[in-house]
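Source file: entry-v8.txt (compact mmCIF, C-alpha atoms)
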```txt
# COMPACT_ATOMS: atom_id res chain seq x y z
CA MET A 25 4.16 18.74 25.45
CA GLN A 26 1.33 16.67 24.01
CA ALA A 27 1.98 12.93 23.72
CA THR A 28 2.32 11.55 20.17
CA ARG A 29 2.53 8.09 18.65
CA THR A 30 5.72 6.11 19.00
CA ILE A 31 7.45 3.35 17.05
CA ASN A 32 6.88 -0.17 18.35
CA LYS A 33 9.21 -2.03 15.98
CA ILE A 34 11.45 -1.40 12.97
CA ARG A 35 11.45 -3.89 10.09
CA TYR A 36 14.14 -4.17 7.44
CA GLY A 37 12.19 -6.46 5.09
CA ARG A 38 12.99 -9.68 3.29
CA LYS A 39 14.52 -9.15 -0.12
CA SER A 40 14.01 -11.52 -3.06
CA GLY A 41 15.41 -10.15 -6.31
CA PRO A 42 14.00 -6.66 -6.89
CA MET A 43 11.17 -7.19 -4.36
CA THR A 44 11.39 -6.51 -0.62
CA ALA A 45 8.47 -7.68 1.55
CA TYR A 46 7.67 -6.21 4.97
CA ILE A 47 4.54 -8.11 6.11
CA TYR A 48 4.72 -11.89 6.44
CA GLN A 49 2.27 -14.72 6.94
CA GLU A 50 3.63 -15.61 10.39
CA ASN A 51 2.75 -12.16 11.80
CA LEU A 52 -0.23 -11.30 9.62
CA SER A 53 -2.35 -10.00 12.50
CA GLU A 54 0.32 -7.61 13.83
CA LEU A 55 -0.59 -4.84 11.36
CA ASN A 56 -4.28 -5.67 10.96
CA PRO A 57 -5.93 -4.66 8.56
CA PHE A 58 -2.73 -4.50 6.43
CA VAL A 59 -1.60 -7.85 5.04
CA LEU A 60 1.08 -6.84 2.52
CA TRP A 61 3.55 -4.03 1.91
CA ASP A 62 6.03 -4.72 -0.93
CA HIS A 63 8.66 -2.41 -2.39
CA PHE A 64 9.63 -3.31 -5.97
CA ASP A 65 12.87 -1.64 -7.11
CA ALA A 66 14.73 -2.87 -10.21
CA ASN A 67 17.82 -1.01 -11.41
CA GLY A 68 19.87 -1.30 -14.57
CA ILE A 69 17.11 -2.88 -16.65
CA LYS A 70 16.12 -2.13 -20.23
CA GLU A 71 13.07 -4.31 -20.78
CA GLU A 72 9.64 -4.71 -19.26
CA THR A 73 9.57 -6.73 -16.04
CA GLY A 74 6.84 -8.08 -13.77
CA LEU A 75 4.43 -10.96 -13.16
CA ASP A 76 2.32 -12.93 -15.62
CA TYR A 77 -1.34 -13.73 -14.88
CA HIS A 78 -2.05 -14.86 -11.34
CA GLY A 79 -4.97 -14.63 -8.91
CA HIS A 80 -6.06 -13.19 -5.57
CA SER A 81 -9.19 -13.10 -3.42
CA GLY A 82 -10.30 -11.53 -0.14
CA ILE A 83 -7.98 -8.52 -0.37
CA GLU A 84 -7.92 -4.95 -1.65
CA ALA A 85 -4.68 -4.10 -3.46
CA PHE A 86 -3.29 -0.58 -3.99
CA SER A 87 -0.65 -0.22 -6.73
CA TYR A 88 1.52 2.92 -6.85
CA PRO A 89 4.34 3.25 -9.40
CA VAL A 90 6.89 5.94 -8.50
CA THR A 91 9.47 5.38 -11.28
CA GLY A 92 8.48 3.97 -14.65
CA THR A 93 5.20 2.82 -16.19
CA LEU A 94 2.98 0.04 -14.83
CA HIS A 95 0.71 -1.92 -17.19
CA HIS A 96 -2.27 -3.58 -15.48
CA MET A 97 -4.79 -6.04 -16.95
CA ASP A 98 -7.38 -8.05 -15.02
CA SER A 99 -10.40 -10.32 -15.38
CA CYS A 100 -12.76 -7.41 -14.60
CA GLY A 101 -11.91 -6.00 -18.01
CA CYS A 102 -9.62 -3.31 -16.63
CA SER A 103 -6.67 -2.54 -18.90
CA VAL A 104 -4.71 0.54 -17.89
CA THR A 105 -1.25 1.99 -18.35
CA MET A 106 -0.23 3.78 -15.16
CA GLN A 107 2.29 6.58 -15.29
CA THR A 108 4.58 7.59 -12.43
CA GLY A 109 2.45 8.75 -9.49
CA ASP A 110 -0.87 7.23 -10.66
CA LEU A 111 -2.87 4.93 -8.37
CA GLN A 112 -4.90 1.77 -9.03
CA ILE A 113 -7.11 -0.13 -6.58
CA MET A 114 -8.07 -3.75 -7.22
CA THR A 115 -10.82 -5.08 -4.95
CA THR A 116 -10.53 -8.83 -5.41
CA GLY A 117 -13.64 -10.04 -3.53
CA LYS A 118 -14.39 -13.68 -4.37
CA GLY A 119 -11.58 -13.79 -6.92
CA ILE A 120 -9.71 -12.01 -9.70
CA VAL A 121 -6.86 -12.80 -12.10
CA HIS A 122 -4.47 -10.06 -13.22
CA LYS A 123 -1.15 -9.27 -14.83
CA ASP A 124 1.17 -6.39 -13.84
CA THR A 125 4.33 -5.42 -15.70
CA MET A 126 6.58 -2.38 -15.43
CA GLN A 127 8.43 -0.47 -18.11
CA PRO A 128 11.58 1.17 -16.68
CA LEU A 129 12.41 4.86 -16.83
CA GLY A 130 16.12 5.53 -17.24
CA GLY A 131 16.88 1.90 -16.41
CA ARG A 132 14.86 1.88 -13.19
CA ALA A 133 11.39 0.57 -12.30
CA GLU A 134 10.04 1.21 -8.81
CA SER A 135 6.58 0.71 -7.30
CA PHE A 136 4.81 0.00 -4.03
CA ALA A 137 2.06 -2.52 -3.32
CA LEU A 138 -0.26 -2.31 -0.31
CA TRP A 139 -2.94 -4.88 0.56
CA THR A 140 -5.68 -4.76 3.15
CA ALA A 141 -7.98 -7.60 4.13
CA LEU A 142 -11.64 -7.17 3.17
CA PRO A 143 -14.29 -7.09 5.91
CA ALA A 144 -16.04 -10.39 6.57
CA GLY A 145 -19.45 -10.69 5.00
CA GLU A 146 -20.75 -9.55 1.62
CA ARG A 147 -17.76 -7.40 0.66
CA GLU A 148 -15.28 -10.19 1.29
CA MET A 149 -16.99 -12.37 -1.36
CA ALA A 150 -18.40 -9.68 -3.68
CA ASP A 151 -17.62 -9.45 -7.38
CA ALA A 152 -14.16 -8.09 -8.10
CA SER A 153 -13.71 -4.50 -9.28
CA SER A 154 -11.00 -1.98 -10.20
CA GLN A 155 -10.49 1.76 -9.77
CA TYR A 156 -7.85 3.99 -11.37
CA ILE A 157 -6.85 7.65 -11.11
CA GLY A 158 -4.09 9.78 -12.61
CA THR A 159 -1.62 11.58 -10.38
CA GLY A 160 -2.96 15.00 -11.43
CA SER A 161 -6.31 14.23 -9.79
CA LEU A 162 -4.85 13.27 -6.40
CA PRO A 163 -4.80 16.19 -3.93
CA LEU A 164 -1.59 17.80 -2.71
CA VAL A 165 -1.44 19.66 0.60
CA GLU A 166 1.46 22.13 0.68
CA GLU A 167 2.54 23.49 4.07
CA MET A 168 5.55 25.39 5.36
CA ASP A 169 7.96 22.42 5.54
CA THR A 170 5.99 19.66 3.85
CA THR A 171 4.07 18.46 0.83
CA THR A 172 1.54 15.67 1.38
CA LYS A 173 -0.06 13.72 -1.47
CA VAL A 174 -3.34 12.07 -0.46
CA LEU A 175 -3.59 8.70 -2.20
CA ILE A 176 -6.41 7.24 -0.09
CA GLY A 177 -8.43 8.75 2.73
CA GLU A 178 -8.31 12.31 4.00
CA TYR A 179 -5.67 14.71 5.30
CA LYS A 180 -6.57 18.19 6.60
CA GLN A 181 -9.77 18.51 4.54
CA ALA A 182 -8.09 17.16 1.37
CA LYS A 183 -9.78 13.93 0.33
CA SER A 184 -8.80 11.32 -2.24
CA PRO A 185 -11.33 10.86 -5.07
CA LEU A 186 -10.90 7.08 -4.73
CA SER A 187 -12.54 5.07 -1.96
CA SER A 188 -11.37 2.02 -0.02
CA SER A 189 -13.51 -0.81 1.36
CA ILE A 190 -12.41 -0.10 4.94
CA PRO A 191 -11.22 3.11 6.65
CA VAL A 192 -7.64 3.64 5.39
CA THR A 193 -5.41 6.68 4.92
CA TYR A 194 -2.40 6.37 2.58
CA LEU A 195 -0.14 9.43 2.33
CA ASP A 196 3.02 10.18 0.32
CA ILE A 197 4.90 12.82 2.33
CA MET A 198 7.92 15.02 1.63
CA ILE A 199 9.52 16.97 4.50
CA ALA A 200 12.21 19.64 4.10
CA PRO A 201 15.45 19.61 6.16
CA TYR A 202 14.87 20.71 9.76
CA GLY A 203 11.15 20.43 9.14
CA GLY A 204 8.20 18.94 10.95
CA TRP A 205 4.94 17.19 10.01
CA TYR A 206 2.10 16.97 12.52
CA TRP A 207 -1.38 15.47 12.22
CA GLU A 208 -4.27 14.30 14.36
CA PRO A 209 -5.88 11.46 12.34
CA ASP A 210 -9.36 10.03 12.64
CA GLU A 211 -9.55 8.15 15.96
CA ARG A 212 -10.54 4.93 14.17
CA LEU A 213 -7.15 4.76 12.43
CA VAL A 214 -5.21 3.21 15.30
CA SER A 215 -3.11 0.72 13.29
CA GLY A 216 -0.36 1.66 10.86
CA PHE A 217 3.22 2.22 9.87
CA VAL A 218 5.72 4.61 8.32
CA TYR A 219 7.92 3.52 5.41
CA MET A 220 11.04 5.49 4.47
CA ARG A 221 11.80 6.01 0.80
CA SER A 222 14.66 8.52 1.23
CA GLY A 223 16.30 10.71 3.84
CA SER A 224 15.84 10.30 7.57
CA VAL A 225 13.19 11.17 10.16
CA TYR A 226 12.62 11.09 13.90
CA ILE A 227 9.42 9.72 15.41
CA GLY A 228 9.65 10.00 19.17
CA ALA A 229 12.98 8.51 20.23
CA ASN A 230 13.42 6.48 17.02
CA GLN A 231 15.27 7.48 13.87
CA LEU A 232 14.24 5.85 10.59
CA TYR A 233 16.35 5.44 7.45
CA PRO A 234 15.58 4.42 3.82
CA GLN A 235 13.93 1.03 3.27
CA GLN A 236 12.90 0.73 6.91
CA MET A 237 9.32 0.20 8.09
CA GLY A 238 8.48 1.78 11.44
CA ILE A 239 5.45 0.03 12.96
CA LEU A 240 3.47 2.49 15.06
CA ASN A 241 2.16 1.55 18.49
CA PRO A 242 -1.63 1.17 18.16
CA SER A 243 -3.00 4.47 19.41
CA LYS A 244 -5.42 7.37 18.87
CA LEU A 245 -2.63 9.88 19.56
CA PRO A 246 -1.43 12.46 17.00
CA ILE A 247 1.59 11.78 14.77
CA HIS A 248 4.67 14.02 14.78
CA ILE A 249 7.50 13.41 12.29
CA LYS A 250 10.67 15.54 12.27
CA THR A 251 13.79 15.83 10.10
CA SER A 252 17.25 17.21 10.85
CA GLN A 253 19.90 18.16 8.28
CA LYS A 254 18.38 15.81 5.70
CA GLY A 255 14.94 16.08 4.20
CA ALA A 256 12.84 12.96 3.71
CA ARG A 257 10.25 11.25 1.56
CA LEU A 258 8.10 8.67 3.28
CA PHE A 259 4.74 6.94 3.33
CA LEU A 260 2.33 7.02 6.25
CA ILE A 261 -0.36 4.34 6.16
CA LEU A 262 -3.10 4.04 8.79
CA GLY A 263 -6.20 1.88 9.07
CA GLU A 264 -8.98 0.63 11.28
CA PRO A 265 -8.33 -2.96 12.44
CA LEU A 266 -10.81 -5.65 11.42
CA ASN A 267 -12.37 -7.77 14.14
CA GLN A 268 -12.09 -11.11 12.34
CA PRO A 269 -9.72 -14.05 11.77
CA MET A 270 -7.19 -13.77 8.93
CA LEU A 271 -6.35 -16.94 7.04
CA SER A 272 -3.82 -16.63 4.24
CA SER A 273 -2.79 -18.80 1.31
CA GLY A 274 -0.08 -16.28 0.40
CA SER A 275 -1.99 -14.84 -2.55
CA SER A 276 -5.39 -14.57 -0.80
CA VAL A 277 -6.65 -13.69 2.66
CA HIS A 278 -10.07 -14.64 4.07
CA SER A 279 -11.95 -14.74 7.36
CA ASN A 280 -12.75 -18.48 7.23
CA PRO A 281 -11.58 -21.67 5.46
CA GLU A 282 -14.75 -21.93 3.34
CA ASN A 283 -14.20 -18.51 1.76
CA LEU A 284 -10.52 -19.26 1.22
CA HIS A 285 -11.47 -22.47 -0.62
CA GLN A 286 -14.15 -20.70 -2.67
CA GLY A 287 -11.70 -17.99 -3.64
CA SER A 288 -9.21 -20.61 -4.80
CA ASP A 289 -11.90 -22.27 -6.93
CA THR A 290 -12.87 -18.93 -8.52
CA ILE A 291 -9.25 -18.15 -9.37
CA SER A 292 -8.74 -21.62 -10.90
CA ALA A 293 -11.84 -21.15 -13.07
CA LEU A 294 -10.67 -17.71 -14.23
CA MET A 295 -7.21 -19.06 -15.09
CA ALA A 296 -8.79 -21.93 -17.04
CA ASN A 297 -10.72 -19.38 -19.10
CA HIS A 298 -7.68 -17.13 -19.51
CA PRO A 299 -7.54 -17.23 -23.34
CA VAL A 300 -11.16 -16.03 -23.58
CA HIS A 301 -11.39 -13.48 -20.81
CA LEU A 302 -7.88 -12.12 -20.44
CA ALA A 303 -6.39 -12.07 -23.92
CA ASP A 304 -3.98 -9.16 -24.43
CA PRO A 305 -5.31 -6.57 -26.85
CA SER A 306 -3.74 -6.84 -30.30
```
Whole structure given in structure tokens:
Amino acid sequence: MQATRTINKIRYGRKSGPMTAYIYQENLSELNPFVLWDHFDANGIKEETGLDYHGHSGIEAFSYPVTGTLHHMDSCGCSVTMQTGDLQIMTTGKGIVHKDTMQPLGGRAESFALWTALPAGEREMADASSQYIGTGSLPLVEEMDTTTKVLIGEYKQAKSPLSSSIPVTYLDIMIAPYGGWYWEPDERLVSGFVYMRSGSVYIGANQLYPQQMGILNPSKLPIHIKTSQKGARLFLILGEPLNQPMLSSGSSVHSNPENLHQGSDTISALMANHPVHLADPS
């Protein structure tokens, strides 16, 4: 039997209110190039919830609402209302200020946030930008036991219309009971993890359950995911590691102290001009 990737570690996350974080500053390099994976899940709410204007730099942020509506506004002039299953990418570069709020559906608001570091050099300190796409334009690959939605990257000749600044594949996968999912990814994508949204799966000798992150051993090997009596919905996220330092302020990540300081200055200037550049539409 051909060897496949295995799980190196299982994380349970750190919960704070409706947000559970799975990547922390003290082990930022462990999942290089990924520097944040947050699961926001608020139940029993009737009103809009989220964060007011705040800033980031040096990262690329992927926002994916799975229950409810996400309203995004930023200093690039992007103002978009994302429905369930839509995807938005915010490339922060030298600095951006934004506001994200969620409107619940049936009393629940749920979304996922993924960040990668930006490669050192021009792209790390480029002008900020935003991309957005509706769920109907993201490819679905339907196989015997599985359905795979390609958010970013490519899976079996199906390619996302959106592009990322570094090689990344981000898949939303559903597997039927007693099913299997098998893939040989691009050999550059050696770093990554699996996150369980529902059900249960086996990867090698490890079994994963909901709200667990399974960190994959860095490898070029194929990936084989199996279910038993329960089906599953999960995310598989893979990327090419960046060969650079990663310095974090919590809200920003850069390859050197000078860029981190410059990003902070850009964010402060954008916040100071908030009434002019980021006023909510009337």
TODO: Counting only C-alpha atoms, write as number ranges by chain all protein and nucleic acid residues lying at most 12 Å from (0.6, 0.8, -11.8) in the file's frame.
DONE: A: 64, 74, 85-97, 103-114, 123-127, 133-138, 155-159
I need the residues from that last selection saved to file as a PDB file, keeping the file's coordinate frame (with C-alpha atoms), if you can.
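Once written, result_4.pdb looks like this:
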```
ATOM      1  CA  PHE A  64       9.630  -3.310  -5.970  1.00  0.00           C
ATOM      2  CA  GLY A  74       6.840  -8.080 -13.770  1.00  0.00           C
ATOM      3  CA  ALA A  85      -4.680  -4.100  -3.460  1.00  0.00           C
ATOM      4  CA  PHE A  86      -3.290  -0.580  -3.990  1.00  0.00           C
ATOM      5  CA  SER A  87      -0.650  -0.220  -6.730  1.00  0.00           C
ATOM      6  CA  TYR A  88       1.520   2.920  -6.850  1.00  0.00           C
ATOM      7  CA  PRO A  89       4.340   3.250  -9.400  1.00  0.00           C
ATOM      8  CA  VAL A  90       6.890   5.940  -8.500  1.00  0.00           C
ATOM      9  CA  THR A  91       9.470   5.380 -11.280  1.00  0.00           C
ATOM     10  CA  GLY A  92       8.480   3.970 -14.650  1.00  0.00           C
ATOM     11  CA  THR A  93       5.200   2.820 -16.190  1.00  0.00           C
ATOM     12  CA  LEU A  94       2.980   0.040 -14.830  1.00  0.00           C
ATOM     13  CA  HIS A  95       0.710  -1.920 -17.190  1.00  0.00           C
ATOM     14  CA  HIS A  96      -2.270  -3.580 -15.480  1.00  0.00           C
ATOM     15  CA  MET A  97      -4.790  -6.040 -16.950  1.00  0.00           C
ATOM     16  CA  SER A 103      -6.670  -2.540 -18.900  1.00  0.00           C
ATOM     17  CA  VAL A 104      -4.710   0.540 -17.890  1.00  0.00           C
ATOM     18  CA  THR A 105      -1.250   1.990 -18.350  1.00  0.00           C
ATOM     19  CA  MET A 106      -0.230   3.780 -15.160  1.00  0.00           C
ATOM     20  CA  GLN A 107       2.290   6.580 -15.290  1.00  0.00           C
ATOM     21  CA  THR A 108       4.580   7.590 -12.430  1.00  0.00           C
ATOM     22  CA  GLY A 109       2.450   8.750  -9.490  1.00  0.00           C
ATOM     23  CA  ASP A 110      -0.870   7.230 -10.660  1.00  0.00           C
ATOM     24  CA  LEU A 111      -2.870   4.930  -8.370  1.00  0.00           C
ATOM     25  CA  GLN A 112      -4.900   1.770  -9.030  1.00  0.00           C
ATOM     26  CA  ILE A 113      -7.110  -0.130  -6.580  1.00  0.00           C
ATOM     27  CA  MET A 114      -8.070  -3.750  -7.220  1.00  0.00           C
ATOM     28  CA  LYS A 123      -1.150  -9.270 -14.830  1.00  0.00           C
ATOM     29  CA  ASP A 124       1.170  -6.390 -13.840  1.00  0.00           C
ATOM     30  CA  THR A 125       4.330  -5.420 -15.700  1.00  0.00           C
ATOM     31  CA  MET A 126       6.580  -2.380 -15.430  1.00  0.00           C
ATOM     32  CA  GLN A 127       8.430  -0.470 -18.110  1.00  0.00           C
ATOM     33  CA  ALA A 133      11.390   0.570 -12.300  1.00  0.00           C
ATOM     34  CA  GLU A 134      10.040   1.210  -8.810  1.00  0.00           C
ATOM     35  CA  SER A 135       6.580   0.710  -7.300  1.00  0.00           C
ATOM     36  CA  PHE A 136       4.810   0.000  -4.030  1.00  0.00           C
ATOM     37  CA  ALA A 137       2.060  -2.520  -3.320  1.00  0.00           C
ATOM     38  CA  LEU A 138      -0.260  -2.310  -0.310  1.00  0.00           C
ATOM     39  CA  GLN A 155     -10.490   1.760  -9.770  1.00  0.00           C
ATOM     40  CA  TYR A 156      -7.850   3.990 -11.370  1.00  0.00           C
ATOM     41  CA  ILE A 157      -6.850   7.650 -11.110  1.00  0.00           C
ATOM     42  CA  GLY A 158      -4.090   9.780 -12.610  1.00  0.00           C
ATOM     43  CA  THR A 159      -1.620  11.580 -10.380  1.00  0.00           C
TER      44      THR A 159
END
```
- Sphere at (-5.8, 8.3, 6.5), radius 7 Å, counting all atoms listed in the file: residues as number ranges by chain: A: 176-179, 192-194, 209, 261-263
Query - Among the residues A:Trp207, A:Tyr233, A:Phe58, A:Phe259, the one that comes closest to Ile190 of chain A [using only C-alpha atoms] - result: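 Smallest separation from Ile190 of chain A among the options: A:Phe58.
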ask   = From the set A:Asn56, A:Ser187, A:Gln253, A:Ser215, which residue has the shortest atom-to-atom contact distance to Asn241 of chain A, counting only C-alpha atoms?
value =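 Distance minimum relative to Asn241 of chain A lands on A:Ser215.
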*Counting all atoms listed in the file, which of A:Asn283, A:Ser275, A:His63, A:Asn32 gets nearest to Glu146 of chain A?*
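When distances to Glu146 of chain A are compared using all atoms listed in the file, the smallest one comes from A:Asn283.
Residues surrounding Ala144 of chain A within 12 Å are Pro57, Gly82, Ile83, Gly117, Lys118, Met149, Ala150, Ser189, Ile190, Leu266, Asn267, Gln268, Pro269, Met270, Leu271, Val277, His278, Ser279, Asn280, Asn283 and Leu284 of chain A [all atoms listed in the file; sequence separation below 5 positions excluded].
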* Find the residue from A:Gln236, A:Gln26, A:Thr116, A:Ser153 that sits nearest to Trp61 of chain A; use only C-alpha atoms when measuring. =>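 Distance minimum relative to Trp61 of chain A lands on A:Gln236.
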Separating atom CA of Gly37 of chain A from atom CA of Val218 of chain A, to the nearest tenth of an Å, is a gap of 13.2 Å
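When atom CA of Ser273 of chain A is paired with atom CA of Gln286 of chain A, their separation reads 12.2 Å.
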Supply segment 236-246 of chain A as a CSV table (one decimal), in the frame of the given file, with all heavy atoms built in where the input has gaps.
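Result written to rebuild.csv:
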```csv
chain,number,residue,atom,x,y,z
A,236,GLN,N,13.3,1.2,5.6
A,236,GLN,CA,12.9,0.7,6.9
A,236,GLN,C,11.4,1.0,7.1
A,236,GLN,O,10.9,2.1,6.7
A,236,GLN,CB,13.7,1.4,8.0
A,236,GLN,CG,15.1,1.0,8.1
A,236,GLN,CD,15.9,1.6,9.3
A,236,GLN,OE1,15.3,2.5,10.0
A,236,GLN,NE2,17.1,1.2,9.5
A,237,MET,N,10.7,0.0,7.7
A,237,MET,CA,9.3,0.2,8.1
A,237,MET,C,9.3,0.4,9.6
A,237,MET,O,9.8,-0.4,10.4
A,237,MET,CB,8.5,-1.0,7.7
A,237,MET,CG,7.1,-1.0,8.3
A,237,MET,SD,6.2,-2.6,8.2
A,237,MET,CE,5.5,-2.5,6.6
A,238,GLY,N,8.7,1.5,10.0
A,238,GLY,CA,8.5,1.8,11.4
A,238,GLY,C,7.0,1.5,11.8
A,238,GLY,O,6.1,2.2,11.4
A,239,ILE,N,6.8,0.4,12.6
A,239,ILE,CA,5.4,0.0,13.0
A,239,ILE,C,5.0,0.9,14.2
A,239,ILE,O,5.7,0.9,15.2
A,239,ILE,CB,5.4,-1.5,13.3
A,239,ILE,CG1,5.8,-2.3,12.1
A,239,ILE,CG2,4.0,-1.8,13.8
A,239,ILE,CD1,5.8,-3.8,12.4
A,240,LEU,N,3.9,1.6,14.0
A,240,LEU,CA,3.5,2.5,15.1
A,240,LEU,C,2.7,1.7,16.2
A,240,LEU,O,2.0,0.8,15.9
A,240,LEU,CB,2.5,3.5,14.5
A,240,LEU,CG,3.2,4.5,13.5
A,240,LEU,CD1,2.1,5.2,12.7
A,240,LEU,CD2,4.1,5.5,14.2
A,241,ASN,N,2.9,2.1,17.4
A,241,ASN,CA,2.2,1.6,18.5
A,241,ASN,C,0.7,1.9,18.3
A,241,ASN,O,0.3,3.0,18.0
A,241,ASN,CB,2.6,2.1,19.8
A,241,ASN,CG,3.8,1.4,20.4
A,241,ASN,OD1,3.8,0.2,20.5
A,241,ASN,ND2,4.9,2.2,20.7
A,242,PRO,N,-0.2,0.9,18.4
A,242,PRO,CA,-1.6,1.2,18.2
A,242,PRO,C,-2.1,2.3,19.1
A,242,PRO,O,-1.9,2.1,20.3
A,242,PRO,CB,-2.3,-0.2,18.5
A,242,PRO,CG,-1.2,-1.2,18.2
A,242,PRO,CD,0.0,-0.5,18.6
A,243,SER,N,-2.7,3.3,18.6
A,243,SER,CA,-3.0,4.5,19.4
A,243,SER,C,-3.9,5.4,18.7
A,243,SER,O,-4.0,5.4,17.4
A,243,SER,CB,-1.7,5.2,19.8
A,243,SER,OG,-1.9,6.4,20.4
A,244,LYS,N,-4.6,6.3,19.4
A,244,LYS,CA,-5.4,7.4,18.9
A,244,LYS,C,-4.7,8.7,18.9
A,244,LYS,O,-5.2,9.7,18.6
A,244,LYS,CB,-6.7,7.5,19.6
A,244,LYS,CG,-7.6,6.3,19.6
A,244,LYS,CD,-8.9,6.5,20.4
A,244,LYS,CE,-9.8,5.3,20.3
A,244,LYS,NZ,-11.0,5.4,21.1
A,245,LEU,N,-3.4,8.7,19.4
A,245,LEU,CA,-2.6,9.9,19.6
A,245,LEU,C,-2.3,10.5,18.2
A,245,LEU,O,-2.2,9.9,17.2
A,245,LEU,CB,-1.4,9.6,20.3
A,245,LEU,CG,-1.5,9.2,21.8
A,245,LEU,CD1,-0.2,8.7,22.4
A,245,LEU,CD2,-2.1,10.4,22.6
A,246,PRO,N,-1.9,11.8,18.2
A,246,PRO,CA,-1.4,12.5,17.0
A,246,PRO,C,-0.1,11.9,16.6
A,246,PRO,O,0.6,11.1,17.3
A,246,PRO,CB,-1.3,13.9,17.4
A,246,PRO,CG,-2.0,14.1,18.7
A,246,PRO,CD,-2.0,12.7,19.4
```
